Structure formats: structure tokens, C-alpha cells
file work_2.cif (mmCIF, C-alpha atoms)
data_run
loop_
_atom_site.label_atom_id
_atom_site.label_comp_id
_atom_site.auth_asym_id
_atom_site.auth_seq_id
_atom_site.Cartn_x
_atom_site.Cartn_y
_atom_site.Cartn_z
CA MET A 1 0.00 0.00 0.00
CA LYS A 2 1.65 3.25 -1.15
CA LYS A 3 -1.13 5.79 -0.63
CA ALA A 4 -1.14 6.82 3.00
CA PHE A 5 2.04 8.87 2.75
CA LEU A 6 0.16 11.52 0.71
CA THR A 7 -2.16 11.89 3.68
CA SER A 8 0.82 12.34 5.98
CA LEU A 9 2.23 15.03 3.73
CA LEU A 10 -1.09 16.85 3.49
CA LEU A 11 -1.44 16.68 7.26
CA MET A 12 1.55 19.01 7.35
CA LEU A 13 -1.00 21.64 6.32
CA PRO A 14 -2.13 22.03 9.93
CA LEU A 15 -5.82 22.78 9.51
CA GLY A 16 -6.27 21.49 6.00
CA ILE A 17 -6.46 23.18 2.64
CA HIS A 18 -9.73 24.85 3.63
CA ALA A 19 -8.63 25.93 7.08
CA ASN A 20 -11.29 28.61 7.51
CA ALA A 21 -14.27 26.65 6.23
CA GLN A 22 -16.68 25.35 8.86
CA ASP A 23 -18.26 22.89 6.43
CA SER A 24 -16.40 21.85 3.31
CA MET A 25 -15.63 19.02 0.95
CA SER A 26 -12.91 18.70 -1.66
CA LEU A 27 -12.03 16.05 -4.22
CA GLY A 28 -8.81 15.81 -6.15
CA ILE A 29 -6.02 13.76 -7.63
CA GLY A 30 -2.30 13.80 -6.97
CA LEU A 31 0.95 12.19 -7.99
CA GLY A 32 3.16 10.84 -5.27
CA TYR A 33 6.65 9.47 -4.74
CA GLN A 34 7.54 7.40 -1.69
CA GLN A 35 10.58 5.58 -0.41
CA LYS A 36 10.20 2.69 2.02
CA PRO A 37 12.90 1.53 4.42
CA TYR A 38 12.97 -2.14 3.46
CA ALA A 39 15.75 -3.58 1.32
CA GLY A 40 14.57 -4.41 -2.19
CA ASP A 41 11.31 -2.42 -1.88
CA ASN A 42 11.91 0.30 -4.47
CA ALA A 43 10.30 3.74 -4.53
CA ASP A 44 7.44 4.37 -6.96
CA TRP A 45 5.55 7.22 -8.57
CA VAL A 46 1.83 6.50 -8.22
CA PRO A 47 -1.44 8.37 -8.91
CA LEU A 48 -3.23 9.15 -5.66
CA PRO A 49 -6.81 10.24 -5.00
CA HIS A 50 -7.46 12.98 -2.46
CA PHE A 51 -10.61 13.42 -0.36
CA GLU A 52 -11.21 15.94 2.39
CA TYR A 53 -14.48 16.54 4.24
CA LYS A 54 -15.52 18.64 7.23
CA ASN A 55 -18.98 18.98 8.75
CA GLY A 56 -19.12 20.68 12.10
CA ASN A 57 -16.74 18.73 14.34
CA LEU A 58 -16.60 15.68 12.06
CA PHE A 59 -13.70 15.50 9.61
CA ILE A 60 -12.20 13.14 7.06
CA LYS A 61 -8.80 13.88 5.59
CA GLY A 62 -7.45 11.24 3.25
CA LEU A 63 -7.02 8.07 5.30
CA LYS A 64 -7.71 9.77 8.63
CA ALA A 65 -11.17 10.38 10.12
CA GLY A 66 -12.17 11.79 13.46
CA LEU A 67 -14.10 14.14 15.67
CA TYR A 68 -12.99 17.48 17.09
CA LEU A 69 -13.51 17.40 20.87
CA PHE A 70 -12.42 21.03 21.14
CA ASN A 71 -12.56 23.27 18.09
CA THR A 72 -11.73 26.97 17.79
CA PRO A 73 -10.09 28.89 14.93
CA THR A 74 -6.70 28.65 16.70
CA THR A 75 -6.86 25.49 18.83
CA LYS A 76 -8.11 22.02 17.99
CA PHE A 77 -8.12 18.75 19.89
CA ASP A 78 -9.44 15.61 18.21
CA ALA A 79 -9.90 11.87 18.51
CA HIS A 80 -9.39 9.93 15.30
CA LEU A 81 -8.75 6.72 13.43
CA ARG A 82 -6.00 6.58 10.82
CA TYR A 83 -4.62 4.00 8.43
CA ASP A 84 -0.89 3.34 8.73
CA SER A 85 0.36 1.87 5.45
CA LEU A 86 3.80 0.69 6.67
CA ASN A 87 4.16 -2.95 5.67
CA PHE A 88 6.73 -5.50 4.55
CA LYS A 89 5.99 -8.02 1.81
CA PRO A 90 8.63 -10.79 1.51
CA SER A 91 7.87 -11.02 -2.22
CA ASP A 92 9.22 -7.46 -2.63
CA ALA A 93 12.49 -8.30 -0.86
CA ASN A 94 15.74 -9.86 -2.07
CA GLY A 95 17.78 -12.89 -1.04
CA ALA A 96 17.22 -14.40 2.39
CA LEU A 97 14.77 -11.62 3.31
CA THR A 98 12.15 -13.31 1.10
CA GLY A 99 11.82 -15.98 3.80
CA LEU A 100 10.84 -13.58 6.58
CA ASP A 101 7.29 -13.21 7.87
CA ARG A 102 5.06 -10.52 6.44
CA ARG A 103 4.56 -7.29 8.41
CA LYS A 104 1.06 -5.93 7.86
CA SER A 105 -0.33 -2.40 7.79
CA THR A 106 -2.74 -1.41 10.54
CA ILE A 107 -5.41 0.97 11.80
CA GLU A 108 -4.49 3.26 14.66
CA LEU A 109 -6.62 5.01 17.27
CA GLY A 110 -5.27 8.34 18.36
CA VAL A 111 -5.67 11.87 19.63
CA GLY A 112 -4.30 15.04 18.08
CA PHE A 113 -3.68 18.63 19.13
CA GLN A 114 -2.97 21.77 17.05
CA HIS A 115 -2.51 25.36 18.13
CA TYR A 116 -1.84 28.53 16.10
CA PHE A 117 -0.08 31.54 17.59
CA GLU A 118 -0.72 35.10 16.41
CA ASN A 119 2.45 35.11 14.29
CA GLN A 120 1.13 32.01 12.40
CA VAL A 121 3.62 29.69 14.06
CA PHE A 122 1.84 26.48 15.02
CA ILE A 123 2.54 23.42 17.13
CA SER A 124 1.00 20.00 16.64
CA THR A 125 1.18 16.59 18.24
CA GLU A 126 -0.46 13.21 17.79
CA ILE A 127 -0.45 10.00 19.79
CA ASN A 128 -1.49 6.92 17.77
CA GLY A 129 -1.69 3.30 18.82
CA ASP A 130 -2.21 0.07 16.87
CA ILE A 131 -5.71 -1.36 17.49
CA LEU A 132 -5.54 -4.41 15.20
CA GLY A 133 -2.93 -6.24 17.26
CA ARG A 134 -0.25 -6.13 14.57
CA SER A 135 2.47 -4.67 16.77
CA ASP A 136 0.52 -3.41 19.80
CA GLY A 137 2.86 -0.44 19.56
CA PHE A 138 2.31 3.30 19.43
CA ASN A 139 3.88 6.47 18.04
CA ILE A 140 4.04 10.08 19.24
CA ASP A 141 4.50 12.72 16.52
CA ALA A 142 5.27 16.30 17.56
CA GLY A 143 6.31 19.26 15.45
CA VAL A 144 6.42 23.00 14.96
CA GLY A 145 5.86 24.95 11.77
CA MET A 146 4.80 28.26 10.32
CA VAL A 147 2.24 29.34 7.73
CA HIS A 148 4.01 31.83 5.45
CA GLN A 149 1.46 33.70 3.32
CA ILE A 150 3.34 34.75 0.17
CA ASN A 151 0.29 36.53 -1.28
CA ASP A 152 -3.49 36.18 -1.33
CA HIS A 153 -3.26 32.97 -3.38
CA PHE A 154 -0.08 31.24 -2.27
CA LYS A 155 1.11 29.93 1.10
CA VAL A 156 4.14 27.88 2.14
CA ILE A 157 4.18 25.83 5.35
CA PRO A 158 7.59 24.58 6.54
CA LYS A 159 7.62 22.18 9.49
CA ILE A 160 10.14 20.30 11.60
CA GLY A 161 9.41 17.57 14.08
CA GLY A 162 9.99 14.02 15.17
CA VAL A 163 8.27 10.71 15.83
CA TRP A 164 8.91 8.60 18.93
CA SER A 165 8.11 4.93 18.26
CA SER A 166 7.69 2.31 20.96
CA LYS A 167 9.76 -0.88 21.20
CA ASP A 168 6.74 -3.02 20.25
CA HIS A 169 6.23 -1.01 17.05
CA ASN A 170 9.89 -1.25 16.04
CA ASP A 171 10.19 -4.92 16.93
CA TYR A 172 7.25 -5.85 14.70
CA TYR A 173 8.26 -3.76 11.67
CA TYR A 174 12.07 -3.99 11.88
CA GLY A 175 12.92 -6.86 14.23
CA VAL A 176 13.90 -10.40 13.20
CA SER A 177 12.82 -13.18 15.56
CA GLY A 178 14.93 -16.17 16.50
CA SER A 179 12.68 -18.52 14.55
CA GLU A 180 12.95 -16.32 11.44
CA SER A 181 16.72 -16.21 11.83
CA ASN A 182 16.97 -20.00 12.14
CA ARG A 183 14.77 -20.45 9.07
CA THR A 184 16.40 -17.90 6.78
CA GLY A 185 19.90 -17.22 8.06
CA VAL A 186 19.11 -13.53 8.52
CA SER A 187 20.63 -12.23 11.76
CA ALA A 188 18.22 -11.99 14.68
CA TYR A 189 17.46 -8.41 15.65
CA ASN A 190 15.53 -6.92 18.57
CA PRO A 191 15.35 -3.10 18.43
CA GLY A 192 14.29 -0.79 21.21
CA SER A 193 12.24 2.39 21.05
CA SER A 194 13.43 5.18 18.74
CA PHE A 195 13.12 8.84 17.75
CA THR A 196 12.90 9.79 14.05
CA PRO A 197 13.38 13.50 13.23
CA TYR A 198 11.94 14.96 10.04
CA VAL A 199 11.75 18.18 8.04
CA GLY A 200 9.09 19.03 5.51
CA VAL A 201 7.25 21.71 3.63
CA GLY A 202 3.70 22.00 2.33
CA THR A 203 2.25 24.44 -0.21
CA VAL A 204 -1.21 25.52 -1.31
CA ILE A 205 -1.98 27.67 -4.35
CA ASP A 206 -5.55 28.96 -4.63
CA ALA A 207 -5.94 29.11 -8.40
CA THR A 208 -9.59 30.14 -7.92
CA ASP A 209 -11.98 30.19 -4.98
CA ASN A 210 -12.65 26.49 -5.61
CA LEU A 211 -9.60 25.13 -7.44
CA HIS A 212 -6.46 24.49 -5.42
CA VAL A 213 -3.01 23.19 -6.24
CA PHE A 214 -1.30 21.49 -3.30
CA GLY A 215 2.01 19.80 -2.65
CA GLY A 216 4.35 18.57 0.01
CA ALA A 217 7.78 17.10 0.56
CA GLN A 218 9.28 15.44 3.62
CA ILE A 219 12.58 13.85 4.62
CA LYS A 220 12.84 11.51 7.61
CA PHE A 221 16.24 10.77 9.16
CA LEU A 222 16.11 7.16 10.28
CA PRO A 223 17.50 6.33 13.74
CA SER A 224 19.98 3.53 14.42
CA GLU A 225 17.18 1.25 15.68
CA VAL A 226 15.81 1.23 12.12
CA LYS A 227 19.07 1.55 10.13
CA ASP A 228 20.72 -1.34 11.99
CA SER A 229 17.94 -3.78 11.11
CA PRO A 230 18.95 -6.43 8.52
CA MET A 231 15.61 -5.67 6.85
CA THR A 232 16.49 -2.09 5.93
CA ASP A 233 18.98 -0.42 3.60
CA ARG A 234 18.33 3.33 3.95
CA SER A 235 19.36 6.09 6.32
CA THR A 236 16.75 8.60 5.13
CA LEU A 237 13.27 8.39 3.61
CA SER A 238 12.03 10.97 1.09
CA ASN A 239 8.38 11.52 0.18
CA PHE A 240 6.89 13.95 -2.32
CA ALA A 241 3.38 14.69 -3.59
CA ILE A 242 1.67 17.25 -5.81
CA GLY A 243 -1.92 17.49 -6.95
CA VAL A 244 -5.06 19.50 -7.56
CA SER A 245 -8.35 19.58 -5.69
CA TYR A 246 -11.76 21.17 -6.16
CA SER A 247 -13.83 22.37 -3.20
CA PHE A 248 -17.61 22.30 -3.10
#

call {"tool": "encode", "arguments": {"input": "work_2.cif", "output": "C-alpha cells"}}
result
Amino acid sequence: MKKAFLTSLLLMLPLGIHANAQDSMSLGIGLGYQQKPYAGDNADWVPLPHFEYKNGNLFIKGLKAGLYLFNTPTTKFDAHLRYDSLNFKPSDANGALTGLDRRKSTIELGVGFQHYFENQVFISTEINGDILGRSDGFNIDAGVGMVHQINDHFKVIPKIGGVWSSKDHNDYYYGVSGSESNRTGVSAYNPGSSFTPYVGVGTVIDATDNLHVFGGAQIKFLPSEVKDSPMTDRSTLSNFAIGVSYSF
């Protein structure tokens, strides 16, 4: 599954493309590029649909849906479900890694917080935990960014942050069990918790009142707990997306 990363890039736009709309819906299409950490799993360019909906305190944004528990123009606190697409398919790997067990994507339950300051600097954080029993792990994502309004039609949103991942999460997605090692010859590996810093930027161009061009790019700097896994062969992950949407 190579679609959820577009959602993660668009979530860099802190209150969505239509930040000031109380009730809104937008449909669009994008083109995305994603790298994955696993050896042999090459990056791809893929067409990606985009859907965003808000009605009162209910929202859907790509592969994330939730309810605002506290909702003002500057501060939002929500509970949500989100799809995490990270997965490992042995058929996409090379050599002895093809004999490892599959790691499946999951659905996470989480809470999120966003706050804008008067100078358009914002802070955001999310806590998400696996509810399908894949890893039984959880992640905490926290960052700070700024909405830079270039003109009435164009804004740029740089953001820096990091993701703390629990030991259970890392062990499921990057660890190699003793039984897998005995079966395949791949070295056993048991990582601990980790912190993954990232930098990114999002953009929105309002071509008209209803037509929007959006984009985003992000680089994650993988920690040693991920880089040292025999399943991985990268030290950074780069994601990129661009697309158009129409609001109703």
C-alpha cells in the first residue's frame, strides 16, 4: 500500500487546505513518490486520489477520520482513526529476506492537538496506537511549523518535528525473531524504542476560490534502531506529492 504517505504530507498543512471553512468538501487527484525503508522495496511514482471533508466537528482527511472534541479557529483537539500503510511483503524483498514473515499495515486510534499563535507559528502533536494487534505499539508525533502567506493565493508551510516509536512497534516492523533467523539465516534483531526526526514543507496555491493546487515534501532521518535492522537499507526516507483539488 503506497497511498497513505500523501495523507501524511497533506497533514503538514495544519488545519487542512480549507482551514477557515466550517463545512467543506474537496475532491482531487495527486501524484506521489515514496521511499520505504525495506531492502529491495523500491520507490514508486503512483497516482493518488485525495478526499477531504468537514462537517461541524466531524472530519475526514485522506485516510484519517475523526471528531474534534475542542474546536476553535486557533486550537483544535481531536480523537481519530487513521490507516498506517507501513508494511513488509517478503515477495518485494531480495535474497534471504524473502523468507521472513510478512509485516502488515494497521489501523491506529489516536488523539491530536494543534494550536496557532498570532504570528502564524503552530505546534502540533499526535499519539497513535495500533488497534488491530499487529504490533501493539504506538507512536508520538510532535512538530512546529509556520504558515508563510506569500500573497493572497499562495502559502508555504515549513515544518520540523519528530516521531517517537515504541519498542513493540519497532520490533514488529524492523525486528527479526529467532525462529525467522533460524529459518532464513538472517541475523536476529531486537530493536528498542526510537526517535525519528523529520523536516518538511507544504504548499497551497488557490488558483480560484474552488480550485487548489497542493504539494508537500518530507525527509525523515532514520535512527539507528531502524538503520541497523537487517531488513532495511536506507538512512533517510524521502516523500513527495503534488496534486489539484476542487472544493464544493

call {"tool": "closest_residue", "arguments": {"input": "work_2.cif", "among": "A:Asp41, A:Glu52, A:Asp84, A:Glu225", "to": "A:Phe248", "atoms": "all atoms listed in the file"}}
result
A:Glu52

call {"tool": "residues_around", "arguments": {"input": "work_2.cif", "residues": "A:His80", "least_positions_apart": "2", "cutoff": "6 Å", "atoms": "only C-alpha atoms", "output": "VMD selection string"}}
result
chain A and resid 65 to 66 109 to 110

call {"tool": "residues_around", "arguments": {"input": "work_2.cif", "residues": "A:Phe77", "least_positions_apart": "6", "cutoff": "9 Å", "atoms": "all atoms listed in the file", "output": "list in words"}}
result
Leu67, Tyr68, Leu69, Phe70, Asn71, Val111, Gly112, Phe113, Gln114 and His115 of chain A

call {"tool": "axis_aligned_box", "arguments": {"input": "work_2.cif", "around": "stretch 38-55 of chain A", "padding_each_side": "6 Å", "output": "AutoDock Vina command-line options"}}
result
--center_x -1.6 --center_y 7.3 --center_z -0.1 --size_x 46.7 --size_y 35.4 --size_z 29.7

call {"tool": "resolve_selection", "arguments": {"input": "work_2.cif", "expression": "the PyMOL selection byres ((chain A and resi 86) around 8)", "output": "PyMOL selection string"}}
result
chain A and resi 1+84-85+87-88+104-106

call {"tool": "write_last_selection", "arguments": {"input": "work_2.cif", "atoms": "C-alpha atoms", "output": "JSON list (two decimals), in the frame of the given file"}}
result
[["chain", "number", "residue", "atom", "x", "y", "z"],
["A", 1, "MET", "CA", 0.00, 0.00, 0.00],
["A", 84, "ASP", "CA", -0.89, 3.34, 8.73],
["A", 85, "SER", "CA", 0.36, 1.87, 5.45],
["A", 87, "ASN", "CA", 4.16, -2.95, 5.67],
["A", 88, "PHE", "CA", 6.73, -5.50, 4.55],
["A", 104, "LYS", "CA", 1.06, -5.93, 7.86],
["A", 105, "SER", "CA", -0.33, -2.40, 7.79],
["A", 106, "THR", "CA", -2.74, -1.41, 10.54]]
